[in-house]
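Novice: Shown below is the structure under consideration.
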Amino acid sequence: MFGDLFEEDFSFISNNHYGKGKKSKPKDSEPPAPRDFTNLSGIKNQGGTCYLNSLLQTLLFTPEFREALFSLGPEELGTLDDVGKPDAKVRIIPLQLQRLFAQLLLLDQQAASTTDLTESFGWNSNEEDFLDLTVAVKGVAGLEEALWNMYVEEEYFENENLYRCGACDKLVEASKSAKLHKLPPFLTISLLRFNFDFEKCERYKETSCYTFPIQINLRPFCEQTEMDDSEYMYELFSVIIHKGGCYGGHYHVYIRDVDELGNWQLQEDEDRLIEDQPSRDSENTKETENPLAVLKGILSEEECKQIPVDQLGQKFLEKIKVSWNKKYRKQYGALRKYLQNHPQIFQFSPDENKVGLKEKYKLPFKSDFQGQAFQSPPQENGIQWNSEKAPTRLRESSAGCHWFDLNDSKVQPIKEEDIEKQFQGKESAYMLFYRKSQLKRPPEARGNPRYRIPEHLLNEMNAANIELQKKRAECDSANNSIDLHLHLSTCYKFHNGALHPSLSWKESVLDLIVDRRKTLGDLRQSIFQMMKSWEGDMVLSSAKSLPAGLHIYQILDGDELTLDCFGLADGADIFVWNGKEVGGVKVMAGPDHEPVLLNILRLVEYNEGGKGQHFTESQHVFPCSTKLSDLHRALAPAGGIILKNDSGHKEAKNWEVLLEEHMKETIKTIGLTDGCSVLILDSHDQSLVNISSGNLTAFTYDISWLQVKNFCGTDDEEKHVKITATIETVMSDIKIKAIHELQLEEELASESCLRPVSRNGKLLSPVPEDYTVKEAELKMGSLLGLCRGKAPTATQLFLYFIIERDHYTSPEMEIVVEETASVKECLNLMLEKSGLSGDSWHLRRMDWCFEAGEALSQENATLKELNVCRGDTLVITEGKLPPKGFLKIPIWWLKSSSQMKHEEKAQDQVNGLTCKMDALQVSPAGDSPEYIQADMDLCYAGITEIASESSLEDLKMQALTLPQCPEHVIPLPTFLRAWTVESRRPGRLLRHNKQQLSEYKLGARVEICIEPLQKEENLGPRELLLRVQMGIPGERDYYDSVDLVWNISKECTTWALRQRVASHYCLPVDKIEIAKYFPEKYEWLPISSWTQQISKRKRKKKQESLQSAPYHLKDGDIIGVKNLLLDDSKDFSTVRDDFGKQKQRQLALEKKKSRQAERSQDHVLSEEKLNIKHRKPEVALSINVGVFR
């Protein structure tokens, strides 16, 4: 019967489960729930164990298997205590199965855990050698037809399909059939629900109808048929059901309670309920017409607990299927109002959020099983049972025919007819278990879950039940315990509308933990015991801490009522007093006298300092029943008005004026709560209020000032005034007020404008007079200058412009033009104003670096079309723009010092400008001088105009046609190398002679330098051109640099570069040191060789490229090399570097002194004249841009 269940292999079992009676650690501290009315225990699902749970329940409700398992004692199985002993033979699986069955039968819990059992066999045990039959489902109507096809019908071998006889070795006609040779006591039948569709190549579940009987006679299918019919009769006692599809689902089991271990509700009770349904419906209809009866019925089911009013409305909807507002609001008003109109029946909590029935109106609780008699069975073997869970079985004739659905932890009774629902569908029978009808159970096993259970398991379960009862009692006590905060009136005083502790909070409050099921009298007695002395009556009232202080609500009356009836929750506040006064002051209790803390705001006349709050704020406490007329008399002066804000946002739109018709309302009805703001405005402040709309036009946060300075006079001392304004104030009004405050002539209003003043004192673009402060994008506290001249209209643009050749000396000039003017017209106006003439000029925008940027090439386009805005700065640049699609490129010739040494004579260029890199140089554009590398020579050749669609090869050819080209012959463009000029030195190397110039994205201000070569060159995209120079041993100098082409397609790492340099100079890799030169800093950065020592594990990670920080290696970089065989010095610097650094320090010191002088001058202007804020000194902006190929 047990198969290989007792296989002695527990090497993989965890030691945590060897101990006797040891259970898995629960997920939480609460004890498991007790059994429900069925008195049967389910099994917890560990996750995917529903099929195992169904099989275990089937084995449990197979009495013969269960009793055979319990009959095995320590002699056959050993004990769990002996698992650690080396010579002990312990059968862990059957021992854990015994314990699980004992828990399912005797332990008072809703569901048992299979953790110990599953870990005992590790999910690795083989399938049991169980006697079962596998029958087809597809194309078969039921179980009898399937068995008939398997064991009755014969397969004939005839015609071409003959059978080879084993005796005569000839093909003969024959028939083939199968029969059941021997019948077991229990028969398991597996239904082949899962099949494979070879056409669709997918699995599917067969959900067609497949019937099976409750009783079945197997005589037709047996080999021996001469025995009595009772030997062939089987009864169904278990059905495992699968719900879902072929790729997933859930298992549960229908089981017949053979030994009547569970409690089953009789079908006649349900039939009687169905028969009584019409009469009961008519009574319910009458009840639902009376809302009072419905509400009392709902609250009576809460067992004297109070529930939220909103939840009561939801339960009302569920009860009568119609909401209160839809059915009764028109007749009785809102639900809360209806409850308040019946105070003799309904009782509210102190905060009026919960409601319940008063004690005398509570109805007895009605269970779902009315009319059933309950009695306690006799106590056997010390096992304790709850009498409420064991109803007497009322029908003796139905012995052993009751069915239950065991679905993991859930157990519920079912009818025998429910089995027919599992014949077909997605939820259908998967396995059938039959038992011989001859198997009879002894009378003493009926209804006795302790039958034949070993004594040690009975004692273990008894101890476990006692422990469970103890834990449930502790948990019940903890769940019903509440912590009350007792506030003693002797420690409080009443002032400013609320109660406040006279001592510290800790000394004024006592904490008391009580059971919510205790009565109010018990609480009063406990307080008397805690108090050393109390004179007079003791009144207990519910209280609540509010922002204004502690407030008393409802007096708790009725010592016979439980604390739960008053709605006291954990952390509730109870005030202990005499019910009349506190500290000699009469205290008004109840929700109508609840104190409300309001923020009272008042405008101030003037706020020196500018921005920020322009009001005073104070807090006042008023009872919520205070009328607004009384609030107005207490706070507002004669003729003043009150505004309220209950949104929490201080914008002007959220303020509402309280008009005369509001004065009869109270603080509570108007919606003022704790923290709401009230603004008091005097009569002279009412200009900020739009009485017709009842709104505030500007809030005090928005009211500030603007500073206006007079730039119209000739006096040395220029006056300035502060003008109060809001973000909606129009600029023309500010100008008129400023003229009036400055006491200037009124005629100046038509001949002046307001211009913002920057932090460094610069007058910015005039503001249109029809703009508001918000539209002009002005910040409160800003400084405006009152200047002569009309402000530009909405269709005009105020522009700054400079002349590029005078970029560093001449100041900016200003002009007002129409936005519809063309670029050419605007240029002519600027030239006329600056006194220039000629047509060799064009306009450019000023970029973010304050340099000439994009050219306005469309001369006939309007300024508006080109998005030229008010306040923009344009640059007048000398020279005509090239035609559309052409580039105007300055060309330079680049020579290295090594090339220069081979020339016989240095010759001055007549029409060119030679720039020696070892001295200061100035470019044709007039930029500031700077040092550049000393082994390079740039010679200016001229300017060429070339189409942007031309190739780089065309540009090189055109450069050869310039007057200042090299004297030696250059055979092909591949003997030339092209660079962009950046900061007066070669920048980006231009590859690919056939590539168009437009693809390089050179820009309008690009300059190109051409370098002649001794041999052809065609660099690939992954080849890096470096200039390497070997250090002279014993000297701080280098030999002439040579070009080194390095292929970085595989890697661009330190190790790869060292290998390439070492290979070039034919030196060992470990005998050289290399460094990159930064000419702008006159510094050398050694290129470390740390990658040689990295571990194999780290080498797997991506090594950082030299093209990223800190080296940023690119074309044209100088790499210094030290030969360690001849020179052990690792100092890469030269004498020229020392001189360059010294020169940089001198320049930096001079700039610092110049800035200090300018700052001191700005400070004098700021303090004495402009009165503006200090500005921090500007710092250089450094941006590292990666190399993109």
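Residue numbers start at 1 in each chain; chains themselves are named A, B, ... in the order of the structure tokens; ligands are numbered from 1 in the order shown.
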Can you tell me which residues surround stretch 422-426 of chain A at a distance of at most 9 Å, considering only C-alpha atoms, apart from same-chain residues fewer than 2 positions away, and format the answer as a PDB file with C-alpha atoms, in the first residue's frame?
Specialist:
```pdb
ATOM      1  CA  GLY A 142     -17.909   8.388 -20.101  1.00  0.00           C
ATOM      2  CA  LYS A 205      -7.151  20.358 -22.638  1.00  0.00           C
ATOM      3  CA  GLU A 206     -10.122  18.134 -23.471  1.00  0.00           C
ATOM      4  CA  THR A 207     -13.164  19.858 -21.909  1.00  0.00           C
ATOM      5  CA  SER A 208     -15.937  17.744 -23.465  1.00  0.00           C
ATOM      6  CA  CYS A 209     -18.539  15.957 -21.329  1.00  0.00           C
ATOM      7  CA  TYR A 210     -17.197  12.825 -19.639  1.00  0.00           C
ATOM      8  CA  THR A 211     -19.530  11.100 -17.171  1.00  0.00           C
ATOM      9  CA  PHE A 212     -18.594   8.758 -14.340  1.00  0.00           C
ATOM     10  CA  ILE A 241     -10.551  18.528 -10.134  1.00  0.00           C
ATOM     11  CA  HIS A 242      -8.416  20.696 -12.403  1.00  0.00           C
ATOM     12  CA  LYS A 243      -9.426  24.270 -13.142  1.00  0.00           C
ATOM     13  CA  GLY A 244      -7.635  26.024 -15.990  1.00  0.00           C
ATOM     14  CA  GLY A 245      -5.868  25.110 -19.232  1.00  0.00           C
ATOM     15  CA  ASP A 418     -22.428  19.041  -7.520  1.00  0.00           C
ATOM     16  CA  ILE A 419     -20.142  16.288  -8.784  1.00  0.00           C
ATOM     17  CA  GLU A 420     -22.044  16.254 -12.073  1.00  0.00           C
ATOM     18  CA  SER A 428     -13.542  19.289 -14.657  1.00  0.00           C
ATOM     19  CA  ALA A 429     -12.565  15.980 -13.096  1.00  0.00           C
TER      20      ALA A 429
END
```
Novice: Between atom CA of A:Gln98 and atom CA of A:Phe70, measure the distance and give it in Å to one decimal.
Specialist: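 Interatomic distance, atom CA of A:Gln98 to atom CA of A:Phe70: 6.5 Å.
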Novice: How would you write, as a PyMOL selection string, the set of residues in stretch 380-485 of chain A that DSSP gives as alpha helix (DSSP H)?
Specialist: chain A and resi 455-480
Novice: Of the residues A:Ala589, A:Leu95, A:Ala569, A:Val981, which is the one nearest to A:His551, using only C-alpha atoms?
Specialist: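 When distances to A:His551 are compared using only C-alpha atoms, the smallest one comes from A:Ala589.
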Novice: Residues at most 8 Å from stretch 668-681 of chain A, counting only C-alpha atoms, excluding those fewer than 6 positions away in the same chain, as a PyMOL selection string?
Specialist: chain A and resi 547+596-603+624-625+635-636+640-648+662
Novice: Okay, now the selection with C-alpha atoms, as a compact mmCIF listing (two decimals), in the first residue's frame?
Specialist:
```
# COMPACT_ATOMS: atom_id res chain seq x y z
CA PRO A 547 -4.18 73.47 16.96
CA VAL A 596 -10.79 77.46 15.45
CA LEU A 597 -7.29 78.93 15.01
CA LEU A 598 -7.24 81.63 12.31
CA ASN A 599 -4.30 83.51 10.76
CA ILE A 600 -5.14 87.21 10.74
CA LEU A 601 -3.27 89.25 8.10
CA ARG A 602 -3.07 93.05 7.92
CA LEU A 603 -1.34 95.23 5.33
CA CYS A 624 -16.70 77.79 15.50
CA SER A 625 -20.19 79.09 16.38
CA LEU A 635 -11.01 92.55 14.04
CA ALA A 636 -11.95 95.06 11.32
CA GLY A 640 -13.02 97.82 6.75
CA ILE A 641 -13.66 94.55 4.93
CA ILE A 642 -12.70 90.91 5.56
CA LEU A 643 -11.44 88.37 3.03
CA LYS A 644 -11.04 84.65 3.63
CA ASN A 645 -8.74 82.07 2.06
CA ASP A 646 -9.32 78.39 2.82
CA SER A 647 -7.37 76.91 -0.11
CA GLY A 648 -3.88 77.20 1.36
CA HIS A 662 -22.41 86.65 4.99
```
Novice: I'd like the neighbourhood of A:Gln96 as a list in words, where a residue qualifies if any of its atoms comes within 8 Å (using only C-alpha atoms), though same-chain residues fewer than 6 positions away should be ignored.
Specialist: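 Listing them by chain and then by number gives Asp116, Leu117 and Ser120 of chain A.
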Novice: Would you save the residues from that selection as a CSV table (one decimal), in the first residue's frame, using N, CA, C and O atoms?
Specialist:
```
chain,number,residue,atom,x,y,z
A,116,ASP,N,7.1,20.8,6.7
A,116,ASP,CA,7.9,19.7,7.3
A,116,ASP,C,7.9,18.5,6.4
A,116,ASP,O,8.9,17.8,6.2
A,117,LEU,N,6.7,18.1,5.9
A,117,LEU,CA,6.6,16.9,5.0
A,117,LEU,C,7.4,17.1,3.7
A,117,LEU,O,8.2,16.2,3.3
A,120,SER,N,11.0,16.9,4.1
A,120,SER,CA,11.5,15.6,4.5
A,120,SER,C,11.8,14.7,3.3
A,120,SER,O,12.7,13.9,3.4
```
Novice: Hey, what does DSSP flag as strand (DSSP E or B) within stretch 170-244 of chain A? Can you give it to me as JSON, numbers by chain?
Specialist: {"A": [171, 172, 174, 175, 176, 180, 186, 187, 188, 189, 190, 191, 192, 194, 195, 196, 197, 202, 203, 204, 205, 211, 215, 216, 217, 222, 233, 234, 235, 236, 237, 238, 239, 240, 241, 242, 243, 244]}
Novice: Check the smallest atom-to-atom distance from each of A:Pro449, A:Pro766, A:Pro185, A:Pro34 to A:Gln469 using only C-alpha atoms, then report the winner.
Specialist: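 Closest residue, counting only C-alpha atoms: A:Pro34.
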Novice: Excluding A:Ala959 and any residue of its chain fewer than 6 positions from it, enumerate the residues within 8 Å of it, using only C-alpha atoms, and give them as number ranges by chain.
Specialist: A: 891, 944, 965
Novice: Just to be explicit: take each residue in the selection above, keep N, CA and C atoms, and write the result as a JSON list (two decimals), in the first residue's frame.
Specialist:
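File selection_15.json, as written:
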```json
[["chain", "number", "residue", "atom", "x", "y", "z"],
["A", 891, "ILE", "N", 43.21, 81.34, -45.67],
["A", 891, "ILE", "CA", 44.14, 80.21, -45.82],
["A", 891, "ILE", "C", 45.48, 80.60, -45.21],
["A", 944, "THR", "N", 40.16, 82.72, -49.89],
["A", 944, "THR", "CA", 39.61, 82.08, -51.08],
["A", 944, "THR", "C", 38.13, 81.87, -50.90],
["A", 965, "CYS", "N", 52.14, 81.05, -51.93],
["A", 965, "CYS", "CA", 52.25, 79.59, -51.85],
["A", 965, "CYS", "C", 53.71, 79.20, -51.71]]
```
Novice: Determine, counting only C-alpha atoms, which protein, DNA and RNA residues have an atom within 9 Å of an atom of A:Val539; residues of the same chain fewer than 4 positions away are not included. Present the result as a PyMOL selection string.
Specialist: chain A and resi 524+555-557+575-579
Novice: State, in Å with one decimal place, the distance from atom CA of A:Arg985 to atom CA of A:Tyr1038.
Specialist: 20.0 Å
Novice: Rank nothing, just name the residue among A:Ile240, A:Cys201, A:Val294, A:Leu143 nearest to A:Leu52, using only C-alpha atoms.
Specialist: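 Closest to A:Leu52, using only C-alpha atoms: A:Ile240.
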Novice: Which polymer residues have any atom within 9 Å of an atom of A:Cys753, counting only C-alpha atoms, with same-chain residues fewer than 5 positions away left out, as a PyMOL selection string?
Specialist: chain A and resi 732+735+766-769+785-792
Novice: Using the selection just defined, write its residues with C-alpha atoms as a PDB file, in the first residue's frame.
Specialist:
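Written out: again25.pdb:
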```pdb
ATOM      1  CA  SER A 732       2.975 104.008 -18.125  1.00  0.00           C
ATOM      2  CA  LYS A 735       6.444 106.327 -15.205  1.00  0.00           C
ATOM      3  CA  PRO A 766      13.322 100.384 -23.036  1.00  0.00           C
ATOM      4  CA  VAL A 767      10.090  98.749 -21.911  1.00  0.00           C
ATOM      5  CA  PRO A 768       6.932  99.396 -23.977  1.00  0.00           C
ATOM      6  CA  GLU A 769       4.591 101.595 -21.990  1.00  0.00           C
ATOM      7  CA  GLY A 785      16.088 104.262 -15.362  1.00  0.00           C
ATOM      8  CA  LEU A 786      13.971 107.214 -16.456  1.00  0.00           C
ATOM      9  CA  CYS A 787      15.660 108.271 -19.710  1.00  0.00           C
ATOM     10  CA  ARG A 788      14.917 110.766 -22.438  1.00  0.00           C
ATOM     11  CA  GLY A 789      13.515 109.425 -25.655  1.00  0.00           C
ATOM     12  CA  LYS A 790      10.325 107.670 -26.574  1.00  0.00           C
ATOM     13  CA  ALA A 791       9.875 104.006 -25.799  1.00  0.00           C
ATOM     14  CA  PRO A 792       9.581 101.727 -28.816  1.00  0.00           C
TER      15      PRO A 792
END
```
